[in-house]
$ cat entry-v8.pdb   # PDB, C-alpha atoms
ATOM      1  CA  MET A   8     -86.770  65.735 -11.239
ATOM      2  CA  THR A   9     -83.357  67.080 -10.320
ATOM      3  CA  GLU A  10     -80.461  64.921  -9.114
ATOM      4  CA  LYS A  11     -77.551  66.695  -7.435
ATOM      5  CA  ILE A  12     -74.584  64.363  -7.061
ATOM      6  CA  ILE A  13     -71.163  64.919  -5.532
ATOM      7  CA  ILE A  14     -68.511  62.324  -6.317
ATOM      8  CA  ALA A  15     -65.314  62.589  -4.302
ATOM      9  CA  GLY A  16     -62.089  60.680  -3.690
ATOM     10  CA  PHE A  17     -58.385  60.665  -4.432
ATOM     11  CA  GLY A  18     -57.060  61.664  -7.845
ATOM     12  CA  GLY A  19     -56.544  58.518  -9.895
ATOM     13  CA  GLN A  20     -59.635  56.722  -8.530
ATOM     14  CA  GLY A  21     -61.768  57.694 -11.509
ATOM     15  CA  VAL A  22     -63.769  60.349  -9.676
ATOM     16  CA  LEU A  23     -63.979  62.706 -12.642
ATOM     17  CA  SER A  24     -64.591  59.836 -15.060
ATOM     18  CA  LEU A  25     -67.499  58.600 -12.946
ATOM     19  CA  GLY A  26     -68.997  62.077 -13.122
ATOM     20  CA  GLN A  27     -68.510  62.128 -16.875
ATOM     21  CA  PHE A  28     -70.186  58.725 -17.252
ATOM     22  CA  LEU A  29     -73.225  60.105 -15.412
ATOM     23  CA  ALA A  30     -73.235  63.324 -17.438
ATOM     24  CA  TYR A  31     -72.942  61.529 -20.789
ATOM     25  CA  ALA A  32     -75.607  59.000 -19.823
ATOM     26  CA  ALA A  33     -77.916  61.888 -18.912
ATOM     27  CA  MET A  34     -77.292  63.541 -22.274
ATOM     28  CA  HIS A  35     -77.940  60.202 -23.977
ATOM     29  CA  VAL A  36     -81.473  60.175 -22.524
ATOM     30  CA  ASP A  37     -82.103  63.876 -23.271
ATOM     31  CA  LYS A  38     -81.735  65.265 -19.748
ATOM     32  CA  SER A  39     -80.219  68.625 -18.943
ATOM     33  CA  VAL A  40     -76.905  68.157 -17.203
ATOM     34  CA  THR A  41     -73.875  69.948 -15.803
ATOM     35  CA  TRP A  42     -70.541  68.454 -14.758
ATOM     36  CA  LEU A  43     -68.132  70.528 -12.689
ATOM     37  CA  PRO A  44     -64.736  69.031 -11.771
ATOM     38  CA  SER A  45     -62.625  70.207  -8.846
ATOM     39  CA  TYR A  46     -59.108  68.998  -8.129
ATOM     40  CA  GLY A  47     -55.858  70.260  -6.720
ATOM     41  CA  PRO A  48     -52.668  70.780  -8.718
ATOM     42  CA  GLU A  49     -51.291  67.477  -7.447
ATOM     43  CA  MET A  50     -54.078  65.462  -9.193
ATOM     44  CA  ARG A  51     -53.140  61.746  -8.856
ATOM     45  CA  GLY A  52     -53.078  60.983  -5.155
ATOM     46  CA  GLY A  53     -54.483  64.391  -4.214
ATOM     47  CA  THR A  54     -58.147  65.084  -3.668
ATOM     48  CA  ALA A  55     -60.637  65.305  -6.483
ATOM     49  CA  ASN A  56     -64.366  65.768  -6.649
ATOM     50  CA  CYS A  57     -66.986  66.678  -9.152
ATOM     51  CA  SER A  58     -70.550  67.849  -9.091
ATOM     52  CA  VAL A  59     -73.134  66.495 -11.493
ATOM     53  CA  VAL A  60     -76.604  67.961 -11.797
ATOM     54  CA  ILE A  61     -79.146  66.050 -13.880
ATOM     55  CA  SER A  62     -82.583  67.501 -14.492
ATOM     56  CA  ASP A  63     -85.683  67.414 -16.660
ATOM     57  CA  ILE A  64     -85.423  71.208 -16.911
ATOM     58  CA  THR A  65     -82.538  73.535 -17.732
ATOM     59  CA  VAL A  66     -79.861  73.449 -15.041
ATOM     60  CA  ALA A  67     -79.207  76.987 -13.848
ATOM     61  CA  SER A  68     -75.928  76.322 -12.014
ATOM     62  CA  PRO A  69     -73.426  73.478 -11.693
ATOM     63  CA  VAL A  70     -72.679  74.465  -8.089
ATOM     64  CA  ILE A  71     -74.207  72.169  -5.470
ATOM     65  CA  ALA A  72     -74.656  73.315  -1.877
ATOM     66  CA  LYS A  73     -76.875  70.407  -0.757
ATOM     67  CA  PRO A  74     -76.449  67.241  -2.847
ATOM     68  CA  ASN A  75     -79.085  64.545  -2.689
ATOM     69  CA  CYS A  76     -76.374  61.953  -3.394
ATOM     70  CA  LEU A  77     -72.772  61.580  -2.302
ATOM     71  CA  ILE A  78     -70.518  58.916  -3.793
ATOM     72  CA  ALA A  79     -67.469  58.740  -1.515
ATOM     73  CA  LEU A  80     -64.433  56.821  -2.751
ATOM     74  CA  ASN A  81     -62.225  57.594   0.260
ATOM     75  CA  LYS A  82     -62.551  58.513   3.942
ATOM     76  CA  PRO A  83     -61.452  62.171   3.685
ATOM     77  CA  SER A  84     -64.173  62.713   1.065
ATOM     78  CA  LEU A  85     -66.811  61.011   3.190
ATOM     79  CA  ASP A  86     -65.795  63.170   6.149
ATOM     80  CA  LYS A  87     -65.813  66.350   4.066
ATOM     81  CA  PHE A  88     -69.151  65.946   2.275
ATOM     82  CA  VAL A  89     -71.426  63.643   4.308
ATOM     83  CA  ASN A  90     -72.956  66.439   6.366
ATOM     84  CA  SER A  91     -73.860  68.434   3.253
ATOM     85  CA  VAL A  92     -76.170  65.707   1.892
ATOM     86  CA  GLU A  93     -79.780  66.800   2.174
ATOM     87  CA  PRO A  94     -82.031  64.843   4.538
ATOM     88  CA  GLY A  95     -83.576  61.911   2.705
ATOM     89  CA  GLY A  96     -80.557  61.714   0.397
ATOM     90  CA  ILE A  97     -78.251  58.805  -0.281
ATOM     91  CA  VAL A  98     -74.607  58.172   0.489
ATOM     92  CA  ILE A  99     -72.729  55.496  -1.440
ATOM     93  CA  VAL A 100     -69.525  54.454   0.322
ATOM     94  CA  ASN A 101     -66.597  52.552  -1.176
ATOM     95  CA  SER A 102     -66.320  50.171   1.754
ATOM     96  CA  SER A 103     -63.226  48.531   0.276
ATOM     97  CA  ILE A 104     -61.213  51.424   1.699
ATOM     98  CA  ILE A 105     -63.648  53.203   4.039
ATOM     99  CA  ASN A 106     -64.329  51.342   7.280
ATOM    100  CA  ASP A 107     -66.444  54.088   8.845
ATOM    101  CA  LYS A 108     -70.214  53.996   8.872
ATOM    102  CA  VAL A 109     -72.402  56.988   8.062
ATOM    103  CA  LEU A 110     -73.637  58.219  11.426
ATOM    104  CA  ARG A 111     -76.552  60.245  10.121
ATOM    105  CA  ASN A 112     -79.950  58.580  10.414
ATOM    106  CA  ASP A 113     -81.684  60.967   7.989
ATOM    107  CA  VAL A 114     -79.872  59.620   4.884
ATOM    108  CA  LYS A 115     -79.717  56.145   3.377
ATOM    109  CA  ALA A 116     -76.189  54.728   3.268
ATOM    110  CA  TYR A 117     -75.002  51.947   0.966
ATOM    111  CA  TYR A 118     -71.670  50.209   1.451
ATOM    112  CA  ILE A 119     -70.125  48.770  -1.707
ATOM    113  CA  ASN A 120     -66.813  46.846  -1.763
ATOM    114  CA  ALA A 121     -66.035  48.569  -5.051
ATOM    115  CA  ASN A 122     -62.320  47.734  -5.241
ATOM    116  CA  ASP A 123     -62.913  44.053  -4.507
ATOM    117  CA  ILE A 124     -65.782  43.856  -6.998
ATOM    118  CA  ALA A 125     -63.669  45.612  -9.646
ATOM    119  CA  LEU A 126     -61.002  42.926  -9.226
ATOM    120  CA  GLU A 127     -63.723  40.326  -9.758
ATOM    121  CA  ALA A 128     -64.547  42.137 -13.030
ATOM    122  CA  GLY A 129     -60.925  41.840 -14.089
ATOM    123  CA  THR A 130     -59.457  45.283 -13.420
ATOM    124  CA  PRO A 131     -58.918  47.329 -10.250
ATOM    125  CA  LYS A 132     -59.394  50.492 -12.326
ATOM    126  CA  ALA A 133     -63.138  49.815 -12.645
ATOM    127  CA  ALA A 134     -64.098  50.511  -9.015
ATOM    128  CA  ASN A 135     -65.685  53.764 -10.176
ATOM    129  CA  VAL A 136     -67.840  51.867 -12.685
ATOM    130  CA  VAL A 137     -68.899  49.442  -9.935
ATOM    131  CA  LEU A 138     -70.094  52.468  -7.963
ATOM    132  CA  LEU A 139     -71.869  53.755 -11.079
ATOM    133  CA  GLY A 140     -73.715  50.441 -11.275
ATOM    134  CA  ALA A 141     -74.677  50.718  -7.620
ATOM    135  CA  TYR A 142     -75.908  54.271  -8.199
ATOM    136  CA  ILE A 143     -78.184  53.334 -11.104
ATOM    137  CA  ALA A 144     -79.523  50.322  -9.175
ATOM    138  CA  ILE A 145     -80.314  52.488  -6.151
ATOM    139  CA  THR A 146     -81.848  55.424  -8.001
ATOM    140  CA  GLY A 147     -83.307  53.858 -11.143
ATOM    141  CA  MET A 148     -82.054  56.987 -12.890
ATOM    142  CA  PHE A 149     -80.922  55.162 -16.040
ATOM    143  CA  GLU A 150     -81.552  51.940 -17.885
ATOM    144  CA  THR A 151     -78.528  49.646 -17.802
ATOM    145  CA  ASP A 152     -78.320  49.565 -21.606
ATOM    146  CA  ASP A 153     -78.181  53.368 -21.784
ATOM    147  CA  VAL A 154     -75.202  53.411 -19.431
ATOM    148  CA  LYS A 155     -73.512  50.542 -21.284
ATOM    149  CA  ASN A 156     -73.958  52.447 -24.559
ATOM    150  CA  THR A 157     -72.366  55.473 -22.901
ATOM    151  CA  ILE A 158     -69.417  53.396 -21.674
ATOM    152  CA  SER A 159     -68.991  51.907 -25.156
ATOM    153  CA  LYS A 160     -68.894  55.371 -26.734
ATOM    154  CA  ILE A 161     -66.437  56.737 -24.177
ATOM    155  CA  PHE A 162     -64.084  53.771 -24.655
ATOM    156  CA  ALA A 163     -64.570  53.479 -28.431
ATOM    157  CA  ASN A 164     -60.790  53.803 -28.911
ATOM    158  CA  LYS A 165     -60.039  51.236 -26.181
ATOM    159  CA  LEU A 166     -62.214  48.309 -27.247
ATOM    160  CA  LYS A 167     -60.457  45.904 -24.880
ATOM    161  CA  VAL A 168     -61.767  47.680 -21.759
ATOM    162  CA  ILE A 169     -65.431  47.859 -22.793
ATOM    163  CA  PRO A 170     -66.385  44.296 -21.717
ATOM    164  CA  LEU A 171     -64.540  44.737 -18.407
ATOM    165  CA  ASN A 172     -66.415  47.955 -17.684
ATOM    166  CA  HIS A 173     -69.752  46.437 -18.695
ATOM    167  CA  LEU A 174     -69.086  43.578 -16.271
ATOM    168  CA  ALA A 175     -68.066  46.023 -13.523
ATOM    169  CA  LEU A 176     -71.335  47.913 -14.083
ATOM    170  CA  ASP A 177     -73.350  44.676 -13.877
ATOM    171  CA  LEU A 178     -71.539  43.635 -10.701
ATOM    172  CA  GLY A 179     -72.224  47.050  -9.127
ATOM    173  CA  ILE A 180     -75.915  46.645  -9.933
ATOM    174  CA  ARG A 181     -75.855  43.112  -8.499
ATOM    175  CA  ALA A 182     -74.239  44.440  -5.293
ATOM    176  CA  ILE A 183     -77.487  46.336  -4.698
ATOM    177  CA  ASN A 184     -80.096  44.049  -6.252
ATOM    178  CA  GLY A 185     -78.535  40.763  -5.173
TER     179      GLY A 185
END
$ encode --input "entry-v8.pdb" --output "structure tokens"
Amino acid sequence: MTEKIIIAGFGGQGVLSLGQFLAYAAMHVDKSVTWLPSYGPEMRGGTANCSVVISDITVASPVIAKPNCLIALNKPSLDKFVNSVEPGGIVIVNSSIINDKVLRNDVKAYYINANDIALEAGTPKAANVVLLGAYIAITGMFETDDVKNTISKIFANKLKVIPLNHLALDLGIRAING
């Protein structure tokens, strides 16, 4: 099993953090993982993306030419990366700010109102965690408790945000599972 994920959006949307959540969750369950961030010098408001490779075997390179999953947080990122997703892959779209539909019929697209759901969880900053919840519901890659444990460890110094992020994760899962 090897998952090759590209997460892309504007700086400040939690793109890199979402990648880190996936990488740490993978380490928590003893998978091999790489996380490779990419962002311009302008950071917040500029473009940002990261590549995450999760595997049962040693990961040889963090570079991804053909991801099997794209998580797009904004339209420019969807436009840039959607055609690189391998046939049979998945595309998760933040439909709160992306109105376009994925035109490819050889990938499975999921549309998640991540910003709106994050507000329901109590903080607009958790849209990335909503998308993380959607990802784990779609792929079955992780158990919910493993990801919640990861979130709790990452935010150990910010105890107030842990319940909000756990709720955002649950709401992202519910967006897929109903």
$ atom_distance --input "entry-v8.pdb" --atom1 "CA of Ile104 in chain A" --atom2 "CA of Ala121 in chain A"
8.8 Å
$ resolve_selection --input "entry-v8.pdb" --expression "the PyMOL selection byres ((chain A and resi 65-81) around 8)" --output "VMD selection string"
chain A and resid 10 to 17 20 22 39 to 43 58 to 64 82 to 85 88 to 89 91 to 101 104 to 105 138
$ write_last_selection --input "entry-v8.pdb" --atoms "C-alpha atoms" --output "short mmCIF file (atom, residue, chain, number, x, y, z; two decimals), in the coordinates of the input"
data_model
loop_
_atom_site.label_atom_id
_atom_site.label_comp_id
_atom_site.auth_asym_id
_atom_site.auth_seq_id
_atom_site.Cartn_x
_atom_site.Cartn_y
_atom_site.Cartn_z
CA GLU A 10 -80.46 64.92 -9.11
CA LYS A 11 -77.55 66.69 -7.44
CA ILE A 12 -74.58 64.36 -7.06
CA ILE A 13 -71.16 64.92 -5.53
CA ILE A 14 -68.51 62.32 -6.32
CA ALA A 15 -65.31 62.59 -4.30
CA GLY A 16 -62.09 60.68 -3.69
CA PHE A 17 -58.38 60.66 -4.43
CA GLN A 20 -59.64 56.72 -8.53
CA VAL A 22 -63.77 60.35 -9.68
CA SER A 39 -80.22 68.62 -18.94
CA VAL A 40 -76.90 68.16 -17.20
CA THR A 41 -73.88 69.95 -15.80
CA TRP A 42 -70.54 68.45 -14.76
CA LEU A 43 -68.13 70.53 -12.69
CA SER A 58 -70.55 67.85 -9.09
CA VAL A 59 -73.13 66.50 -11.49
CA VAL A 60 -76.60 67.96 -11.80
CA ILE A 61 -79.15 66.05 -13.88
CA SER A 62 -82.58 67.50 -14.49
CA ASP A 63 -85.68 67.41 -16.66
CA ILE A 64 -85.42 71.21 -16.91
CA LYS A 82 -62.55 58.51 3.94
CA PRO A 83 -61.45 62.17 3.68
CA SER A 84 -64.17 62.71 1.06
CA LEU A 85 -66.81 61.01 3.19
CA PHE A 88 -69.15 65.95 2.28
CA VAL A 89 -71.43 63.64 4.31
CA SER A 91 -73.86 68.43 3.25
CA VAL A 92 -76.17 65.71 1.89
CA GLU A 93 -79.78 66.80 2.17
CA PRO A 94 -82.03 64.84 4.54
CA GLY A 95 -83.58 61.91 2.70
CA GLY A 96 -80.56 61.71 0.40
CA ILE A 97 -78.25 58.80 -0.28
CA VAL A 98 -74.61 58.17 0.49
CA ILE A 99 -72.73 55.50 -1.44
CA VAL A 100 -69.53 54.45 0.32
CA ASN A 101 -66.60 52.55 -1.18
CA ILE A 104 -61.21 51.42 1.70
CA ILE A 105 -63.65 53.20 4.04
CA LEU A 138 -70.09 52.47 -7.96
#
$ resolve_selection --input "entry-v8.pdb" --expression "the PyMOL selection byres ((chain A and resi 123) around 10)" --output "PyMOL selection string"
chain A and resi 101-104+119-122+124-128+130-131+133-134+137
$ resolve_selection --input "entry-v8.pdb" --expression "the PyMOL selection byres ((chain A and resi 157) around 9)" --output "PyMOL selection string"
chain A and resi 28-29+31-32+35+152-156+158-162
$ atom_distance --input "entry-v8.pdb" --atom1 "CA of Gly179 in chain A" --atom2 "CA of Glu150 in chain A"
13.7 Å
$ atom_distance --input "entry-v8.pdb" --atom1 "CA of Asn106 in chain A" --atom2 "CA of Met148 in chain A"
27.4 Å
$ axis_aligned_box --input "entry-v8.pdb" --around "range 85-95 of chain A" --padding-each-side "8 Å" --output "AutoDock Vina command-line options"
--center_x -74.7 --center_y 64.7 --center_z 4.1 --size_x 33.8 --size_y 23.4 --size_z 20.5
$ closest_residue --input "entry-v8.pdb" --among "A:Ser45, A:Gly129, A:Thr9, A:Tyr118" --to "Ile169 in chain A" --atoms "only C-alpha atoms"
A:Gly129
